[in-house]
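Next comes entry.cif, a file with mmCIF, C-alpha atoms.
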```cif
data_work
loop_
_atom_site.group_PDB
_atom_site.id
_atom_site.type_symbol
_atom_site.label_atom_id
_atom_site.label_comp_id
_atom_site.auth_asym_id
_atom_site.auth_seq_id
_atom_site.Cartn_x
_atom_site.Cartn_y
_atom_site.Cartn_z
ATOM 1 C CA MET F 2 -50.162 12.148 -1.668
ATOM 2 C CA PRO F 3 -48.025 9.588 0.202
ATOM 3 C CA LYS F 4 -46.205 10.784 3.277
ATOM 4 C CA ALA F 5 -42.453 11.095 3.035
ATOM 5 C CA LYS F 6 -40.586 8.479 4.998
ATOM 6 C CA PRO F 7 -38.931 9.897 8.111
ATOM 7 C CA ARG F 8 -35.182 10.306 7.782
ATOM 8 C CA THR F 9 -33.208 7.810 9.803
ATOM 9 C CA ARG F 10 -30.823 9.557 12.161
ATOM 10 C CA ARG F 11 -27.276 8.263 12.022
ATOM 11 C CA THR F 12 -25.710 7.050 15.211
ATOM 12 C CA GLN F 13 -22.730 8.833 16.722
ATOM 13 C CA GLN F 14 -20.495 5.961 15.590
ATOM 14 C CA GLU F 15 -21.794 6.196 12.006
ATOM 15 C CA ARG F 16 -21.135 9.948 11.958
ATOM 16 C CA SER F 17 -17.659 9.396 13.373
ATOM 17 C CA ASP F 18 -16.878 6.693 10.802
ATOM 18 C CA ALA F 19 -18.118 8.934 7.978
ATOM 19 C CA THR F 20 -15.923 11.810 9.158
ATOM 20 C CA GLN F 21 -12.850 9.583 9.351
ATOM 21 C CA LEU F 22 -13.498 8.207 5.867
ATOM 22 C CA ALA F 23 -13.930 11.706 4.460
ATOM 23 C CA LEU F 24 -10.639 12.773 6.017
ATOM 24 C CA LEU F 25 -8.745 9.743 4.718
ATOM 25 C CA ASP F 26 -10.134 10.116 1.197
ATOM 26 C CA ALA F 27 -9.432 13.853 1.252
ATOM 27 C CA THR F 28 -5.842 13.268 2.374
ATOM 28 C CA ILE F 29 -5.190 10.884 -0.506
ATOM 29 C CA ALA F 30 -6.822 13.311 -2.952
ATOM 30 C CA CYS F 31 -4.664 16.201 -1.694
ATOM 31 C CA MET F 32 -1.463 14.163 -1.807
ATOM 32 C CA THR F 33 -2.256 13.077 -5.362
ATOM 33 C CA ARG F 34 -3.006 16.624 -6.472
ATOM 34 C CA ASP F 35 -0.533 18.665 -4.424
ATOM 35 C CA GLY F 36 2.092 16.153 -3.293
ATOM 36 C CA TYR F 37 2.962 15.534 0.332
ATOM 37 C CA ALA F 38 4.872 18.819 0.622
ATOM 38 C CA GLY F 39 1.868 20.770 -0.641
ATOM 39 C CA THR F 40 -0.676 18.976 1.526
ATOM 40 C CA SER F 41 -1.641 20.874 4.656
ATOM 41 C CA ILE F 42 -4.224 20.481 7.394
ATOM 42 C CA SER F 43 -6.106 23.406 5.868
ATOM 43 C CA THR F 44 -6.329 21.851 2.397
ATOM 44 C CA ILE F 45 -7.396 18.507 3.858
ATOM 45 C CA VAL F 46 -10.252 19.891 5.960
ATOM 46 C CA GLU F 47 -11.410 21.988 3.016
ATOM 47 C CA GLU F 48 -11.344 18.930 0.732
ATOM 48 C CA ALA F 49 -13.146 16.794 3.321
ATOM 49 C CA GLY F 50 -15.718 19.423 4.223
ATOM 50 C CA VAL F 51 -15.148 19.042 7.956
ATOM 51 C CA SER F 52 -13.859 21.301 10.704
ATOM 52 C CA ARG F 53 -10.277 21.461 11.884
ATOM 53 C CA GLY F 54 -11.521 20.377 15.297
ATOM 54 C CA ALA F 55 -13.067 17.235 13.817
ATOM 55 C CA LEU F 56 -9.767 16.365 12.160
ATOM 56 C CA LEU F 57 -7.784 16.839 15.367
ATOM 57 C CA HIS F 58 -10.326 14.771 17.285
ATOM 58 C CA HIS F 59 -9.692 11.754 15.055
ATOM 59 C CA PHE F 60 -6.043 12.363 14.133
ATOM 60 C CA PRO F 61 -4.103 14.500 16.651
ATOM 61 C CA THR F 62 -1.127 15.025 14.312
ATOM 62 C CA LYS F 63 -0.628 15.429 10.605
ATOM 63 C CA ASN F 64 1.782 12.487 10.558
ATOM 64 C CA GLU F 65 -0.851 10.193 12.078
ATOM 65 C CA LEU F 66 -3.424 11.332 9.513
ATOM 66 C CA ILE F 67 -1.036 10.791 6.601
ATOM 67 C CA ALA F 68 -0.012 7.341 7.862
ATOM 68 C CA HIS F 69 -3.626 6.231 8.340
ATOM 69 C CA ALA F 70 -4.495 7.582 4.888
ATOM 70 C CA ILE F 71 -1.665 5.556 3.345
ATOM 71 C CA TYR F 72 -2.890 2.408 5.089
ATOM 72 C CA HIS F 73 -6.408 3.249 3.863
ATOM 73 C CA PHE F 74 -5.076 3.520 0.303
ATOM 74 C CA TYR F 75 -3.502 0.056 0.477
ATOM 75 C CA ALA F 76 -6.663 -1.449 2.022
ATOM 76 C CA GLN F 77 -8.809 0.090 -0.715
ATOM 77 C CA ARG F 78 -6.500 -1.338 -3.373
ATOM 78 C CA LEU F 79 -6.873 -4.835 -1.937
ATOM 79 C CA ALA F 80 -10.655 -4.382 -1.761
ATOM 80 C CA ARG F 81 -10.740 -3.448 -5.463
ATOM 81 C CA PHE F 82 -8.649 -6.490 -6.373
ATOM 82 C CA LYS F 83 -10.905 -8.793 -4.347
ATOM 83 C CA LYS F 84 -14.023 -7.361 -5.977
ATOM 84 C CA GLN F 85 -12.656 -8.039 -9.454
ATOM 85 C CA LEU F 86 -10.819 -11.310 -8.873
ATOM 86 C CA ILE F 87 -12.657 -13.266 -6.170
ATOM 87 C CA GLY F 88 -16.144 -14.699 -6.582
ATOM 88 C CA ALA F 89 -18.307 -16.976 -8.669
ATOM 89 C CA THR F 90 -18.098 -14.718 -11.728
ATOM 90 C CA THR F 91 -14.299 -14.713 -11.739
ATOM 91 C CA ASP F 92 -13.595 -18.443 -11.645
ATOM 92 C CA LYS F 93 -12.899 -18.646 -15.367
ATOM 93 C CA LEU F 94 -10.494 -15.715 -15.534
ATOM 94 C CA SER F 95 -7.143 -16.637 -17.022
ATOM 95 C CA LEU F 96 -3.828 -15.796 -15.418
ATOM 96 C CA GLU F 97 -3.411 -13.067 -18.032
ATOM 97 C CA ASP F 98 -6.830 -11.600 -17.142
ATOM 98 C CA ARG F 99 -5.868 -11.449 -13.484
ATOM 99 C CA LEU F 100 -2.530 -9.812 -14.229
ATOM 100 C CA ARG F 101 -4.257 -7.170 -16.342
ATOM 101 C CA VAL F 102 -6.499 -6.265 -13.404
ATOM 102 C CA LEU F 103 -3.387 -5.582 -11.329
ATOM 103 C CA ARG F 104 -1.622 -3.718 -14.109
ATOM 104 C CA ASP F 105 -4.596 -1.489 -14.930
ATOM 105 C CA ASP F 106 -5.222 -0.602 -11.295
ATOM 106 C CA PHE F 107 -1.558 0.175 -10.703
ATOM 107 C CA ALA F 108 -1.629 2.392 -13.786
ATOM 108 C CA LEU F 109 -4.761 4.248 -12.655
ATOM 109 C CA TRP F 110 -3.307 5.021 -9.225
ATOM 110 C CA ASN F 111 0.349 5.270 -10.195
ATOM 111 C CA ASP F 112 0.808 8.958 -9.389
ATOM 112 C CA THR F 113 -0.694 8.455 -5.923
ATOM 113 C CA ALA F 114 1.426 5.365 -5.255
ATOM 114 C CA LEU F 115 4.632 7.159 -6.274
ATOM 115 C CA GLU F 116 3.826 10.074 -3.965
ATOM 116 C CA ILE F 117 3.118 7.658 -1.111
ATOM 117 C CA GLU F 118 6.384 5.790 -1.695
ATOM 118 C CA ASN F 119 8.304 9.070 -1.717
ATOM 119 C CA THR F 120 6.586 10.170 1.506
ATOM 120 C CA LEU F 121 7.462 6.916 3.272
ATOM 121 C CA ARG F 122 11.038 7.107 2.031
ATOM 122 C CA THR F 123 11.632 10.686 3.181
ATOM 123 C CA ASN F 124 9.573 10.847 6.381
ATOM 124 C CA PRO F 125 10.648 8.205 8.919
ATOM 125 C CA ASP F 126 7.983 9.209 11.453
ATOM 126 C CA ILE F 127 5.154 8.549 8.996
ATOM 127 C CA ALA F 128 6.859 5.358 7.838
ATOM 128 C CA ALA F 129 7.067 4.085 11.430
ATOM 129 C CA ILE F 130 3.368 4.743 12.129
ATOM 130 C CA GLU F 131 2.297 3.185 8.840
ATOM 131 C CA GLU F 132 4.512 0.153 9.442
ATOM 132 C CA THR F 133 2.795 -0.412 12.788
ATOM 133 C CA LEU F 134 -0.635 -0.167 11.164
ATOM 134 C CA LEU F 135 0.319 -2.656 8.453
ATOM 135 C CA ALA F 136 1.951 -5.051 10.903
ATOM 136 C CA GLU F 137 -1.370 -5.561 12.666
ATOM 137 C CA LYS F 138 -3.028 -6.699 9.433
ATOM 138 C CA SER F 139 -0.134 -7.920 7.307
ATOM 139 C CA GLU F 140 -0.773 -11.642 7.710
ATOM 140 C CA ALA F 141 -4.499 -11.352 6.991
ATOM 141 C CA MET F 142 -3.826 -9.135 3.972
ATOM 142 C CA SER F 143 -1.189 -11.554 2.666
ATOM 143 C CA VAL F 144 -3.666 -14.424 2.871
ATOM 144 C CA GLU F 145 -6.241 -12.360 0.981
ATOM 145 C CA TYR F 146 -3.697 -11.522 -1.712
ATOM 146 C CA GLU F 147 -2.973 -15.223 -2.154
ATOM 147 C CA GLN F 148 -6.642 -15.816 -2.986
ATOM 148 C CA LEU F 149 -6.430 -13.412 -5.937
ATOM 149 C CA PHE F 150 -4.464 -15.996 -7.937
ATOM 150 C CA PRO F 151 -5.862 -19.508 -7.461
ATOM 151 C CA GLU F 152 -3.267 -20.735 -9.974
ATOM 152 C CA PHE F 153 -0.517 -19.925 -7.468
ATOM 153 C CA LEU F 154 -2.125 -21.844 -4.609
ATOM 154 C CA THR F 155 -0.973 -25.130 -6.128
ATOM 155 C CA THR F 156 2.688 -24.112 -5.786
ATOM 156 C CA THR F 157 4.934 -24.233 -2.731
ATOM 157 C CA ARG F 158 5.355 -20.438 -2.588
ATOM 158 C CA PRO F 159 2.056 -18.779 -3.589
ATOM 159 C CA ARG F 160 2.741 -15.667 -1.526
ATOM 160 C CA GLU F 161 6.073 -15.061 -3.191
ATOM 161 C CA LEU F 162 4.506 -15.484 -6.618
ATOM 162 C CA VAL F 163 1.824 -12.926 -5.825
ATOM 163 C CA GLY F 164 4.552 -10.520 -4.753
ATOM 164 C CA ILE F 165 6.472 -11.153 -7.970
ATOM 165 C CA ALA F 166 3.327 -10.646 -10.056
ATOM 166 C CA CYS F 167 2.598 -7.333 -8.311
ATOM 167 C CA ASN F 168 6.169 -6.135 -8.744
ATOM 168 C CA LEU F 169 6.193 -7.090 -12.420
ATOM 169 C CA MET F 170 2.943 -5.226 -13.082
ATOM 170 C CA ARG F 171 4.125 -2.150 -11.169
ATOM 171 C CA GLY F 172 7.369 -2.256 -13.127
ATOM 172 C CA LEU F 173 5.484 -2.324 -16.418
ATOM 173 C CA VAL F 174 3.472 0.723 -15.388
ATOM 174 C CA ASN F 175 6.595 2.653 -14.415
ATOM 175 C CA SER F 176 8.496 1.717 -17.554
ATOM 176 C CA GLU F 177 8.372 3.873 -20.643
ATOM 177 C CA LYS F 178 4.954 3.804 -22.298
ATOM 178 C CA ASP F 179 5.394 2.849 -25.931
ATOM 179 C CA GLU F 180 4.262 0.359 -28.555
ATOM 180 C CA ASP F 181 6.180 -2.419 -26.778
ATOM 181 C CA ALA F 182 4.136 -2.155 -23.558
ATOM 182 C CA GLU F 183 1.751 -4.967 -24.464
ATOM 183 C CA ARG F 184 4.598 -7.180 -25.650
ATOM 184 C CA ARG F 185 6.388 -6.709 -22.333
ATOM 185 C CA PHE F 186 3.192 -7.593 -20.512
ATOM 186 C CA GLU F 187 2.878 -10.788 -22.557
ATOM 187 C CA VAL F 188 6.508 -11.704 -21.789
ATOM 188 C CA CYS F 189 5.907 -11.271 -18.040
ATOM 189 C CA ALA F 190 2.711 -13.328 -18.195
ATOM 190 C CA ALA F 191 4.492 -16.041 -20.193
ATOM 191 C CA MET F 192 7.284 -16.208 -17.596
ATOM 192 C CA LEU F 193 4.791 -16.777 -14.793
ATOM 193 C CA ARG F 194 2.848 -19.283 -16.882
ATOM 194 C CA ALA F 195 6.031 -21.213 -17.684
ATOM 195 C CA TYR F 196 6.927 -21.368 -13.993
ATOM 196 C CA LEU F 197 3.470 -22.713 -13.138
ATOM 197 C CA ASP F 198 3.702 -25.329 -15.882
ATOM 198 C CA SER F 199 7.133 -26.371 -14.623
ATOM 199 C CA SER F 200 5.849 -26.666 -11.046
ATOM 200 C CA GLU F 201 2.947 -28.831 -12.190
ATOM 201 C CA ARG F 202 5.296 -31.172 -14.065
ATOM 202 C CA LYS F 203 7.530 -31.532 -11.001
ATOM 203 C CA ALA F 204 4.518 -32.196 -8.766
ATOM 204 C CA GLY F 205 3.236 -34.816 -11.202
#
```

Would you mind writing the structure in this file as structure tokens?
Amino acid sequence: MPKAKPRTRRTQQERSDATQLALLDATIACMTRDGYAGTSISTIVEEAGVSRGALLHHFPTKNELIAHAIYHFYAQRLARFKKQLIGATTDKLSLEDRLRVLRDDFALWNDTALEIENTLRTNPDIAAIEETLLAEKSEAMSVEYEQLFPEFLTTTRPRELVGIACNLMRGLVNSEKDEDAERRFEVCAAMLRAYLDSSERKAG
């Protein structure tokens, strides 16, 4: 009978990183389920499966934890978009395909996003911490978002177009869900396509 391979012990840094990730994921899960008002330190540590002391070691205040969790949520969203839209297997995706990726992800996480937006709007302390976190990475994240839509890179304002595309897809998700949803999506996609075609004609 072959001997079992010895278990590799995690380093202190790996254990610390795993604890932080568990806390951030748990915070987002609690906010989605219970709302910001119903999310407490107790529910977060229970969801994460860690001690209260471990939480306070990494995040001394609830506001800091919430702000870091919100930043984590936005970073995860970008990572999902990159996985689906950047790479050799995605080169042939149409503009409509790429917009659907955004729309479907926004729809899947809409309740969480709305709770986050409400938290940032009503809690200036959390908003200030989260703004500082985003400011450190905003330029790099903006560049990565530009790469999601290679069609936009040929225009003079690719970053603005990505922002418009995101806002349009979020708006579709938040609008009334009915039989016209797909038609509205097609109208939005056609508007962006028409702008790209117009830009190409001007450049030519």

Residue members of the PyMOL selection byres ((chain F and resi 33) around 12) in the file shown, as a ChimeraX atom specification: /F:26-32,34-40,45,70-71,74,109-120

Contact residues around Ala68 of chain F with all atoms listed in the file at 7 Å, ignoring same-chain residues under 5 positions, as a PyMOL selection string: chain F and resi 127+130-131

Atomic distance atom CA of Leu25 of chain F - atom CA of Asp126 of chain F, expressed in Å with one decimal: 18.0 Å

Resolved residues for the PyMOL selection byres ((chain F and resi 143-156) around 8) as a ChimeraX atom specification: /F:79,82-83,86-87,96,99,139-142,157-160,162-163,197,200-201

Listed atoms of segment 89-108 of chain F boxed axis-aligned with 6 Å per side, centre + edges as lines of an AutoDock Vina configuration file:
```
center_x = -9.9
center_y = -8.1
center_z = -13.4
size_x = 28.7
size_y = 33.0
size_z = 21.4
```

Distance criterion (all atoms listed in the file): nearest to Lys63 of chain F out of F:Gln14, F:Thr133, F:Ser41, F:Thr90: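 Among the listed residues, F:Ser41 lies closest to Lys63 of chain F.
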
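Atom CA of Glu97 of chain F sits 8.9 Å away from atom CA of Arg194 of chain F.
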
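We find atom CA of Ser95 of chain F and atom CA of Gly164 of chain F to be spaced 18.0 Å apart.
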
Hits of the PyMOL selection byres ((chain F and resi 182-190) around 12) in this structure, as a PyMOL selection string: chain F and resi 95-101+103-105+162+165-181+191-197

Put those residues in a file: C-alpha atoms, as a CSV table (one decimal), in the frame of the given file.
```
chain,number,residue,atom,x,y,z
F,95,SER,CA,-7.1,-16.6,-17.0
F,96,LEU,CA,-3.8,-15.8,-15.4
F,97,GLU,CA,-3.4,-13.1,-18.0
F,98,ASP,CA,-6.8,-11.6,-17.1
F,99,ARG,CA,-5.9,-11.4,-13.5
F,100,LEU,CA,-2.5,-9.8,-14.2
F,101,ARG,CA,-4.3,-7.2,-16.3
F,103,LEU,CA,-3.4,-5.6,-11.3
F,104,ARG,CA,-1.6,-3.7,-14.1
F,105,ASP,CA,-4.6,-1.5,-14.9
F,162,LEU,CA,4.5,-15.5,-6.6
F,165,ILE,CA,6.5,-11.2,-8.0
F,166,ALA,CA,3.3,-10.6,-10.1
F,167,CYS,CA,2.6,-7.3,-8.3
F,168,ASN,CA,6.2,-6.1,-8.7
F,169,LEU,CA,6.2,-7.1,-12.4
F,170,MET,CA,2.9,-5.2,-13.1
F,171,ARG,CA,4.1,-2.2,-11.2
F,172,GLY,CA,7.4,-2.3,-13.1
F,173,LEU,CA,5.5,-2.3,-16.4
F,174,VAL,CA,3.5,0.7,-15.4
F,175,ASN,CA,6.6,2.7,-14.4
F,176,SER,CA,8.5,1.7,-17.6
F,177,GLU,CA,8.4,3.9,-20.6
F,178,LYS,CA,5.0,3.8,-22.3
F,179,ASP,CA,5.4,2.8,-25.9
F,180,GLU,CA,4.3,0.4,-28.6
F,181,ASP,CA,6.2,-2.4,-26.8
F,191,ALA,CA,4.5,-16.0,-20.2
F,192,MET,CA,7.3,-16.2,-17.6
F,193,LEU,CA,4.8,-16.8,-14.8
F,194,ARG,CA,2.8,-19.3,-16.9
F,195,ALA,CA,6.0,-21.2,-17.7
F,196,TYR,CA,6.9,-21.4,-14.0
F,197,LEU,CA,3.5,-22.7,-13.1
```

Test item: residues at most 12 Å from Val51 of chain F, all atoms listed in the file, excluding those fewer than 5 positions along its chain, as a PyMOL selection string: chain F and resi 16-17+19-25+27+42-46+56-59

Nearest candidate to Glu132 of chain F (options F:Asp92, F:Asp198, F:Glu65, F:Glu161; using all atoms listed in the file): F:Glu65

Can you put all heavy atoms back into segment 91-102 of chain F and show it as a compact mmCIF listing (two decimals), in the coordinates of the input?
```txt
# COMPACT_ATOMS: atom_id res chain seq x y z
N THR F 91 -15.70 -14.87 -11.35
CA THR F 91 -14.30 -14.71 -11.74
C THR F 91 -13.56 -16.04 -11.86
O THR F 91 -12.37 -16.05 -12.15
CB THR F 91 -13.55 -13.84 -10.71
OG1 THR F 91 -13.53 -14.52 -9.44
CG2 THR F 91 -14.23 -12.49 -10.53
N ASP F 92 -14.25 -17.14 -11.66
CA ASP F 92 -13.60 -18.44 -11.64
C ASP F 92 -12.89 -18.76 -12.96
O ASP F 92 -11.87 -19.45 -12.98
CB ASP F 92 -14.60 -19.56 -11.33
CG ASP F 92 -15.05 -19.52 -9.87
OD1 ASP F 92 -14.38 -18.84 -9.09
OD2 ASP F 92 -16.06 -20.15 -9.55
N LYS F 93 -13.45 -18.28 -14.06
CA LYS F 93 -12.90 -18.65 -15.37
C LYS F 93 -11.88 -17.63 -15.90
O LYS F 93 -11.44 -17.75 -17.04
CB LYS F 93 -14.04 -18.81 -16.38
CG LYS F 93 -15.00 -19.94 -16.02
CD LYS F 93 -16.03 -20.17 -17.11
CE LYS F 93 -17.03 -21.26 -16.73
NZ LYS F 93 -16.36 -22.55 -16.40
N LEU F 94 -11.51 -16.67 -15.09
CA LEU F 94 -10.49 -15.72 -15.53
C LEU F 94 -9.16 -16.43 -15.73
O LEU F 94 -8.76 -17.26 -14.92
CB LEU F 94 -10.32 -14.60 -14.50
CG LEU F 94 -11.47 -13.59 -14.36
CD1 LEU F 94 -11.14 -12.60 -13.25
CD2 LEU F 94 -11.72 -12.86 -15.66
N SER F 95 -8.46 -16.07 -16.79
CA SER F 95 -7.14 -16.64 -17.02
C SER F 95 -6.11 -15.90 -16.18
O SER F 95 -6.38 -14.83 -15.61
CB SER F 95 -6.77 -16.50 -18.50
OG SER F 95 -6.59 -15.12 -18.84
N LEU F 96 -4.92 -16.46 -16.11
CA LEU F 96 -3.83 -15.80 -15.42
C LEU F 96 -3.58 -14.42 -16.02
O LEU F 96 -3.37 -13.44 -15.30
CB LEU F 96 -2.55 -16.64 -15.51
CG LEU F 96 -1.28 -16.00 -14.96
CD1 LEU F 96 -1.42 -15.71 -13.47
CD2 LEU F 96 -0.07 -16.89 -15.23
N GLU F 97 -3.63 -14.35 -17.35
CA GLU F 97 -3.41 -13.07 -18.03
C GLU F 97 -4.49 -12.05 -17.66
O GLU F 97 -4.20 -10.86 -17.46
CB GLU F 97 -3.38 -13.28 -19.54
CG GLU F 97 -2.16 -14.04 -20.06
CD GLU F 97 -2.20 -15.53 -19.74
OE1 GLU F 97 -3.30 -16.05 -19.41
OE2 GLU F 97 -1.14 -16.19 -19.81
N ASP F 98 -5.75 -12.49 -17.55
CA ASP F 98 -6.83 -11.60 -17.14
C ASP F 98 -6.55 -11.02 -15.76
O ASP F 98 -6.76 -9.83 -15.51
CB ASP F 98 -8.17 -12.35 -17.11
CG ASP F 98 -8.65 -12.78 -18.48
OD1 ASP F 98 -8.30 -12.11 -19.46
OD2 ASP F 98 -9.39 -13.78 -18.56
N ARG F 99 -6.11 -11.88 -14.85
CA ARG F 99 -5.87 -11.45 -13.48
C ARG F 99 -4.69 -10.47 -13.42
O ARG F 99 -4.72 -9.48 -12.68
CB ARG F 99 -5.60 -12.67 -12.59
CG ARG F 99 -6.82 -13.56 -12.44
CD ARG F 99 -6.53 -14.83 -11.66
NE ARG F 99 -7.72 -15.67 -11.67
CZ ARG F 99 -8.74 -15.53 -10.83
NH1 ARG F 99 -8.70 -14.60 -9.91
NH2 ARG F 99 -9.79 -16.32 -10.91
N LEU F 100 -3.66 -10.73 -14.20
CA LEU F 100 -2.53 -9.81 -14.23
C LEU F 100 -2.92 -8.45 -14.79
O LEU F 100 -2.43 -7.41 -14.32
CB LEU F 100 -1.40 -10.42 -15.06
CG LEU F 100 -0.71 -11.65 -14.46
CD1 LEU F 100 0.23 -12.28 -15.48
CD2 LEU F 100 0.05 -11.28 -13.19
N ARG F 101 -3.81 -8.44 -15.77
CA ARG F 101 -4.26 -7.17 -16.34
C ARG F 101 -5.03 -6.33 -15.32
O ARG F 101 -4.96 -5.10 -15.34
CB ARG F 101 -5.12 -7.41 -17.59
CG ARG F 101 -4.31 -7.75 -18.84
CD ARG F 101 -5.15 -7.68 -20.11
NE ARG F 101 -4.30 -7.83 -21.28
CZ ARG F 101 -3.98 -8.99 -21.82
NH1 ARG F 101 -4.46 -10.12 -21.30
NH2 ARG F 101 -3.19 -9.05 -22.87
N VAL F 102 -5.79 -7.00 -14.46
CA VAL F 102 -6.50 -6.26 -13.40
C VAL F 102 -5.49 -5.53 -12.53
O VAL F 102 -5.66 -4.34 -12.21
CB VAL F 102 -7.36 -7.22 -12.55
CG1 VAL F 102 -7.86 -6.53 -11.29
CG2 VAL F 102 -8.56 -7.71 -13.37
```
